[in-house]
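Q: Right, I'll just put the structure down here and ask away after.
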Amino acid sequence: MKIVFEKTNGLTEVPMRYCPGCGHGVAHRLVAEVMEELGVTKRTVAVVPVGCSVFMDEYVNCDGIQGAHGRGPAIATGIKRSKPETVVISYQGDGDLASIGMAETIHSASRSENITIIFINNAIYGMTGGQMAPTTILGMRTTTSPAGRRAEINGFPIPMCELLSSLEGASYLARAALDKPAHIIRAKKYIKKAFETQIKGKGFSMVELLSPCPTDWGMTPKDAVERIRQEMIPRYPLGVFRDWEAEEKAKKEEKAAV
Amino acid sequence: MPSKGKIEVDIVRCKGCELCILACPQDVLALSDTFSASGYYPAYMKNPENCTGCALCAIACPDVAITVWKEERKGDLING
Ligand SMILES: Cc1ncc(C[n+]2csc(CCOP(=O)(O)OP(=O)(O)O)c2C)c(N)n1
Ligand code: SF4
Ligand code: SF4
Ligand code: SF4
């Protein structure tokens, strides 16, 4: 028999210290496999966030730098502009990307900065004990919305792919879920396309991953992936929101038609 | 005939989350009733004869604890 699946060399031998069933592990694997498949591991720099994934650089075999909370896109901008040959990713949670770091997120997209953001949307602040995030869905109980998030008091959840898709500079935007193998396989395709967007110099790319946080959701890992299916995907539909390649093709066809 | 496969769980990495069990279409996997040095009940092959080497368990595993082997046939993909 031959091996059809094994741990990629894009990951180190260090076992990940996430909770059982945490989506960060799947996201790390997908990023690591894409780096290996594109042969860019040694020239990739991961800007890792404040949040549960703060030690990501111990688990992936590329270079790493730890940013201040929410500032990943600004740091990634600096690295990419001064060393354009590097592949730069900013890995961020939803507290990091959509709350304290919202300005950096929006402006790096509007500048079409040639970086790739991997955005883990687990609808909660994981590391600090499960507070409400900008992405917490209505009705979801968190430590700061114990009766469930209510629009009248807490506002509505922010769909980041939809929000950024109106910006000219957003070259590639896609959302996938990490709840089941079919969706995880799709997530990897999106991540690969985002890396290729950057390698081809096409500008800003972001892949949003709906990701389980069983611990702060107060659920078993099985119930947590079920929640993604039942509650998150209906609010955060999966798919590609912007794709420079499809848009270039459509423009060409339009020209050819006149 | 479905192809034959087998898996191996790295019990240092496995955290007993059961997501591989949920993903397996062949009811191959279960959690052990003795815990590992890491303090979890790791997954193991309860029904090894059913395994087709489809790797869905490994794709679902958040801790990259599973290695999958499959009988050689043409056109198989590695890591999905
Ligand atoms: C400037 C600053 N403000 C606040 C914090 C506290 N803090 C640490 S992690 C975190 C939120 C993490 O949530 P998220 O970004 O969603 O990532 P997750 O842990 O869920 O992966 C906060 C507010 C901090 N470390 N630095
Ligand atoms: S608290 Fe949530 S996001 Fe953080 S490691 Fe645990 S499951 Fe993962
Ligand atoms: S999915 Fe991975 S970590 Fe979870 S029980 Fe199965 S082998 Fe262990
Ligand atoms: S390879 Fe497929 S059949 Fe075998 S244990 Fe994994 S999911 Fe089940």
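In the structure tokens, each chain is lettered A, B, ... as it comes, each chain's residues begin at 1, and ligands are numbered from 1 in order of appearance.
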Residues within 7 Å of ligand 3 should be enumerated using only C-alpha atoms and all ligand atoms and returned as a VMD selection string.

A: (chain A and resid 20 to 21) or (chain B and resid 9 13 to 21 31 42 to 43 57 60 to 66)

Q: Please, which residues have at least one atom within 10 Å of an atom of ligand 4, using only C-alpha atoms and all ligand atoms, listed as a PyMOL selection string?

A: (chain A and resi 4-5+181) or (chain B and resi 2-8+20-30+43-60+66-70)

Q: Print the selection's residues with C-alpha atoms to a file, as a short mmCIF file (atom, residue, chain, number, x, y, z; two decimals), in the first residue's frame.

A:
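Ended up saving to out-v4.cif:
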data_model
loop_
_atom_site.label_atom_id
_atom_site.label_comp_id
_atom_site.auth_asym_id
_atom_site.auth_seq_id
_atom_site.Cartn_x
_atom_site.Cartn_y
_atom_site.Cartn_z
CA VAL A 4 -2.14 8.82 0.28
CA PHE A 5 -2.16 11.24 3.21
CA PRO A 181 -14.10 17.27 4.47
CA PRO B 2 -13.90 -0.67 -2.94
CA SER B 3 -10.16 -0.40 -2.49
CA LYS B 4 -8.42 -1.45 0.70
CA GLY B 5 -6.79 1.03 3.01
CA LYS B 6 -5.42 1.52 6.48
CA ILE B 7 -4.72 4.41 8.79
CA GLU B 8 -2.40 5.10 11.68
CA CYS B 20 -12.45 11.67 12.28
CA ILE B 21 -15.15 9.29 13.52
CA LEU B 22 -17.81 11.72 12.27
CA ALA B 23 -16.07 12.00 8.87
CA CYS B 24 -15.53 8.27 8.24
CA PRO B 25 -18.21 6.84 5.92
CA GLN B 26 -17.23 3.24 6.72
CA ASP B 27 -17.55 3.21 10.53
CA VAL B 28 -13.91 2.23 10.88
CA LEU B 29 -12.91 4.42 13.81
CA ALA B 30 -13.61 4.67 17.52
CA ALA B 43 -8.81 7.29 17.94
CA TYR B 44 -8.05 3.77 16.65
CA MET B 45 -9.31 1.39 13.96
CA LYS B 46 -12.21 -0.51 15.50
CA ASN B 47 -13.20 -2.12 12.18
CA PRO B 48 -9.95 -2.13 10.17
CA GLU B 49 -11.35 -4.42 7.46
CA ASN B 50 -13.81 -1.69 6.37
CA CYS B 51 -11.18 0.96 5.61
CA THR B 52 -11.05 2.07 1.96
CA GLY B 53 -8.15 4.54 2.34
CA CYS B 54 -10.39 7.48 1.34
CA ALA B 55 -8.53 9.84 3.75
CA LEU B 56 -11.66 11.75 4.78
CA CYS B 57 -10.73 11.15 8.43
CA ALA B 58 -7.31 12.73 7.89
CA ILE B 59 -8.80 15.73 6.09
CA ALA B 60 -11.16 16.33 9.04
CA ILE B 66 -3.65 10.58 10.84
CA THR B 67 -1.57 8.93 8.10
CA VAL B 68 -3.47 7.02 5.42
CA TRP B 69 -2.36 4.19 3.16
CA LYS B 70 -4.25 2.87 0.16
#

Q: I'd like a table as a tab-separated table: residues in chain A with an atom no more than 10 Å from ligand 2, each row giving the shortest atom pair and its distance in Å to one decimal, only C-alpha atoms and all ligand atoms counted, sorted by chain and rising residue number.

A:
residue	atom	partner	partner_atom_place_in_ligand_line	distance
A:Met16	CA	ligand 2	5 (S)	9.3
A:Arg17	CA	ligand 2	5 (S)	7.3
A:Tyr18	CA	ligand 2	5 (S)	4.0
A:Cys19	CA	ligand 2	6 (Fe)	4.2
A:Pro20	CA	ligand 2	7 (S)	6.8
A:Gly21	CA	ligand 2	7 (S)	6.6
A:Cys22	CA	ligand 2	8 (Fe)	4.2
A:Gly23	CA	ligand 2	8 (Fe)	6.3
A:His24	CA	ligand 2	8 (Fe)	6.1
A:Gly25	CA	ligand 2	8 (Fe)	8.3
A:Gly51	CA	ligand 2	4 (Fe)	7.5
A:Cys52	CA	ligand 2	4 (Fe)	4.6
A:Ser53	CA	ligand 2	5 (S)	7.4
A:Gly93	CA	ligand 2	3 (S)	8.5
A:Ile120	CA	ligand 2	3 (S)	8.9
A:Asn121	CA	ligand 2	3 (S)	9.5
A:Asn122	CA	ligand 2	3 (S)	7.0
A:Ala123	CA	ligand 2	3 (S)	9.6
A:Ile124	CA	ligand 2	3 (S)	8.1
A:Tyr125	CA	ligand 2	3 (S)	7.7
A:Gly126	CA	ligand 2	1 (S)	4.2
A:Met127	CA	ligand 2	4 (Fe)	5.2
A:Thr128	CA	ligand 2	1 (S)	7.9
A:Gly129	CA	ligand 2	1 (S)	6.9
A:Gly130	CA	ligand 2	1 (S)	7.4
A:Ser211	CA	ligand 2	3 (S)	8.2
A:Pro212	CA	ligand 2	7 (S)	6.7
A:Cys213	CA	ligand 2	2 (Fe)	3.7
A:Pro214	CA	ligand 2	7 (S)	5.0
A:Thr215	CA	ligand 2	7 (S)	4.8
A:Asp216	CA	ligand 2	2 (Fe)	5.5
A:Trp217	CA	ligand 2	2 (Fe)	7.7
A:Gly218	CA	ligand 2	7 (S)	9.6
A:Met219	CA	ligand 2	7 (S)	9.7
A:Pro221	CA	ligand 2	7 (S)	8.7
A:Ala224	CA	ligand 2	7 (S)	9.6

Q: Quick one: residues within 10 Å of segment 240-251 of chain A, only C-alpha atoms, excluding same-chain residues fewer than 5 positions away - as a list in words?

A: Cys161, Glu162, Leu164, Ser165, Ser166, Leu167, Glu168, Gly169, Ala170, Ser171, Tyr172, Leu173, Ala174, Arg175, Ala176, Tyr190, Lys193, Ala194, Thr197, Lys202, Gly203, Phe204, Ser205, Met206, Val207, Ala256 and Ala257 of chain A

Q: For the selection just defined, write its residues with N, CA, C and O atoms to a file, as a tab-separated table (two decimals), in the first residue's frame.

A:
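Result file follows (selection.tsv):
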chain	number	residue	atom	x	y	z
A	161	CYS	N	-16.33	39.40	3.90
A	161	CYS	CA	-16.14	39.24	2.45
A	161	CYS	C	-17.07	40.19	1.70
A	161	CYS	O	-16.65	40.86	0.75
A	162	GLU	N	-18.33	40.25	2.13
A	162	GLU	CA	-19.30	41.14	1.47
A	162	GLU	C	-18.87	42.59	1.63
A	162	GLU	O	-18.97	43.38	0.71
A	164	LEU	N	-15.83	43.90	2.10
A	164	LEU	CA	-14.64	44.26	1.32
A	164	LEU	C	-14.89	44.16	-0.18
A	164	LEU	O	-14.16	44.76	-0.98
A	165	SER	N	-15.92	43.42	-0.57
A	165	SER	CA	-16.09	43.15	-2.01
A	165	SER	C	-16.45	44.42	-2.80
A	165	SER	O	-16.32	44.45	-4.01
A	166	SER	N	-16.86	45.48	-2.09
A	166	SER	CA	-17.18	46.72	-2.81
A	166	SER	C	-15.92	47.52	-3.14
A	166	SER	O	-15.99	48.51	-3.86
A	167	LEU	N	-14.78	47.12	-2.60
A	167	LEU	CA	-13.55	47.89	-2.82
A	167	LEU	C	-12.87	47.45	-4.11
A	167	LEU	O	-12.66	46.26	-4.34
A	168	GLU	N	-12.49	48.42	-4.93
A	168	GLU	CA	-11.81	48.10	-6.18
A	168	GLU	C	-10.55	47.27	-5.95
A	168	GLU	O	-10.19	46.43	-6.76
A	169	GLY	N	-9.86	47.57	-4.84
A	169	GLY	CA	-8.57	46.93	-4.59
A	169	GLY	C	-8.64	45.47	-4.14
A	169	GLY	O	-7.63	44.78	-4.09
A	170	ALA	N	-9.82	44.99	-3.79
A	170	ALA	CA	-9.92	43.61	-3.29
A	170	ALA	C	-9.90	42.65	-4.49
A	170	ALA	O	-10.89	42.48	-5.17
A	171	SER	N	-8.75	42.03	-4.75
A	171	SER	CA	-8.60	41.23	-5.97
A	171	SER	C	-9.18	39.83	-5.85
A	171	SER	O	-9.72	39.29	-6.80
A	172	TYR	N	-9.02	39.22	-4.66
A	172	TYR	CA	-9.57	37.88	-4.48
A	172	TYR	C	-10.14	37.75	-3.07
A	172	TYR	O	-9.44	37.97	-2.08
A	173	LEU	N	-11.42	37.41	-2.99
A	173	LEU	CA	-12.10	37.23	-1.70
A	173	LEU	C	-12.93	35.96	-1.77
A	173	LEU	O	-13.71	35.78	-2.71
A	174	ALA	N	-12.76	35.10	-0.79
A	174	ALA	CA	-13.57	33.87	-0.78
A	174	ALA	C	-13.82	33.44	0.66
A	174	ALA	O	-13.04	33.74	1.56
A	175	ARG	N	-14.93	32.74	0.84
A	175	ARG	CA	-15.28	32.23	2.17
A	175	ARG	C	-15.55	30.73	2.09
A	175	ARG	O	-16.32	30.26	1.24
A	176	ALA	N	-14.91	29.98	2.99
A	176	ALA	CA	-15.13	28.53	3.07
A	176	ALA	C	-15.41	28.17	4.53
A	176	ALA	O	-15.32	29.02	5.41
A	190	TYR	N	-9.29	27.59	-2.33
A	190	TYR	CA	-9.35	29.05	-2.19
A	190	TYR	C	-8.01	29.59	-1.69
A	190	TYR	O	-7.54	30.63	-2.16
A	193	LYS	N	-5.51	29.63	-4.44
A	193	LYS	CA	-5.78	30.72	-5.38
A	193	LYS	C	-5.34	32.07	-4.80
A	193	LYS	O	-4.83	32.94	-5.51
A	194	ALA	N	-5.53	32.23	-3.50
A	194	ALA	CA	-5.12	33.48	-2.84
A	194	ALA	C	-3.59	33.63	-2.90
A	194	ALA	O	-3.08	34.70	-3.22
A	197	THR	N	-2.65	34.55	-6.37
A	197	THR	CA	-2.98	35.96	-6.61
A	197	THR	C	-1.78	36.83	-6.23
A	197	THR	O	-1.35	37.70	-6.99
A	202	LYS	N	-1.11	40.24	-8.27
A	202	LYS	CA	-2.43	40.75	-8.61
A	202	LYS	C	-3.10	41.55	-7.48
A	202	LYS	O	-4.22	42.01	-7.64
A	203	GLY	N	-2.42	41.65	-6.33
A	203	GLY	CA	-2.97	42.49	-5.27
A	203	GLY	C	-3.62	41.72	-4.13
A	203	GLY	O	-3.39	40.52	-3.96
A	204	PHE	N	-4.45	42.41	-3.39
A	204	PHE	CA	-4.99	41.94	-2.11
A	204	PHE	C	-5.84	40.67	-2.23
A	204	PHE	O	-6.77	40.60	-3.04
A	205	SER	N	-5.54	39.68	-1.40
A	205	SER	CA	-6.38	38.49	-1.35
A	205	SER	C	-6.70	38.13	0.10
A	205	SER	O	-5.88	38.33	1.00
A	206	MET	N	-7.91	37.63	0.31
A	206	MET	CA	-8.31	37.18	1.65
A	206	MET	C	-9.20	35.95	1.54
A	206	MET	O	-10.11	35.91	0.71
A	207	VAL	N	-8.92	34.96	2.37
A	207	VAL	CA	-9.81	33.80	2.47
A	207	VAL	C	-10.34	33.76	3.90
A	207	VAL	O	-9.58	33.75	4.86
A	256	ALA	N	-14.41	42.13	-26.67
A	256	ALA	CA	-14.51	41.36	-27.91
A	256	ALA	C	-15.91	41.45	-28.52
A	256	ALA	O	-16.10	41.40	-29.73
A	257	ALA	N	-16.92	41.60	-27.63
A	257	ALA	CA	-18.31	41.62	-28.07
A	257	ALA	C	-18.68	42.93	-28.79
A	257	ALA	O	-19.57	42.94	-29.61

Q: Determine which residues of chain B receive a DSSP assignment of strand (DSSP E or B), computed from the backbone, and state them as a CSV table (one decimal) with N, CA and C atoms, in the first residue's frame.

A:
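The resulting file, part_28.csv, is shown below:
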chain,number,residue,atom,x,y,z
B,5,GLY,N,-7.7,0.0,2.5
B,5,GLY,CA,-6.8,1.0,3.0
B,5,GLY,C,-6.5,0.8,4.5
B,6,LYS,N,-5.6,1.6,5.0
B,6,LYS,CA,-5.4,1.5,6.5
B,6,LYS,C,-4.9,2.9,7.0
B,7,ILE,N,-5.2,3.1,8.2
B,7,ILE,CA,-4.7,4.4,8.8
B,7,ILE,C,-3.9,4.2,10.1
B,8,GLU,N,-3.1,5.2,10.4
B,8,GLU,CA,-2.4,5.1,11.7
B,8,GLU,C,-2.6,6.4,12.4
B,9,VAL,N,-2.9,6.4,13.7
B,9,VAL,CA,-3.1,7.6,14.5
B,9,VAL,C,-1.9,7.9,15.3
B,29,LEU,N,-13.6,3.9,12.7
B,29,LEU,CA,-12.9,4.4,13.8
B,29,LEU,C,-13.7,4.5,15.1
B,30,ALA,N,-13.0,4.5,16.2
B,30,ALA,CA,-13.6,4.7,17.5
B,30,ALA,C,-12.5,5.2,18.4
B,31,LEU,N,-13.0,5.7,19.6
B,31,LEU,CA,-12.0,6.2,20.6
B,31,LEU,C,-11.6,5.0,21.5
B,43,ALA,N,-8.0,8.1,18.9
B,43,ALA,CA,-8.8,7.3,17.9
B,43,ALA,C,-8.0,6.1,17.5
B,44,TYR,N,-8.7,5.0,17.2
B,44,TYR,CA,-8.0,3.8,16.7
B,44,TYR,C,-9.0,3.1,15.7
B,45,MET,N,-8.5,2.1,14.9
B,45,MET,CA,-9.3,1.4,14.0
B,45,MET,C,-10.1,0.3,14.7
B,66,ILE,N,-3.3,11.8,11.6
B,66,ILE,CA,-3.6,10.6,10.8
B,66,ILE,C,-2.8,10.5,9.6
B,67,THR,N,-2.2,9.3,9.4
B,67,THR,CA,-1.6,8.9,8.1
B,67,THR,C,-2.4,7.9,7.4
B,68,VAL,N,-2.6,8.0,6.1
B,68,VAL,CA,-3.5,7.0,5.4
B,68,VAL,C,-2.7,6.3,4.3
B,69,TRP,N,-2.9,5.0,4.2
B,69,TRP,CA,-2.4,4.2,3.2
B,69,TRP,C,-3.5,3.6,2.3
B,70,LYS,N,-3.2,3.4,1.0
B,70,LYS,CA,-4.2,2.9,0.2
B,70,LYS,C,-3.6,1.9,-0.8

Q: May I ask which of the residues A:Asp96, A:Glu208, A:Glu33, A:Glu85 is the closest one to ligand 1, counting only C-alpha atoms and all ligand atoms?

A: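 Of A:Asp96, A:Glu208, A:Glu33, A:Glu85, the one nearest ligand 1 is A:Asp96, counting only C-alpha atoms and all ligand atoms.
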
Q: Looking only at alpha helix (DSSP H) from DSSP on the backbone, list the matching residues of segment 189-218 of chain A as a PyMOL selection string.

A: chain A and resi 189-199+214-217
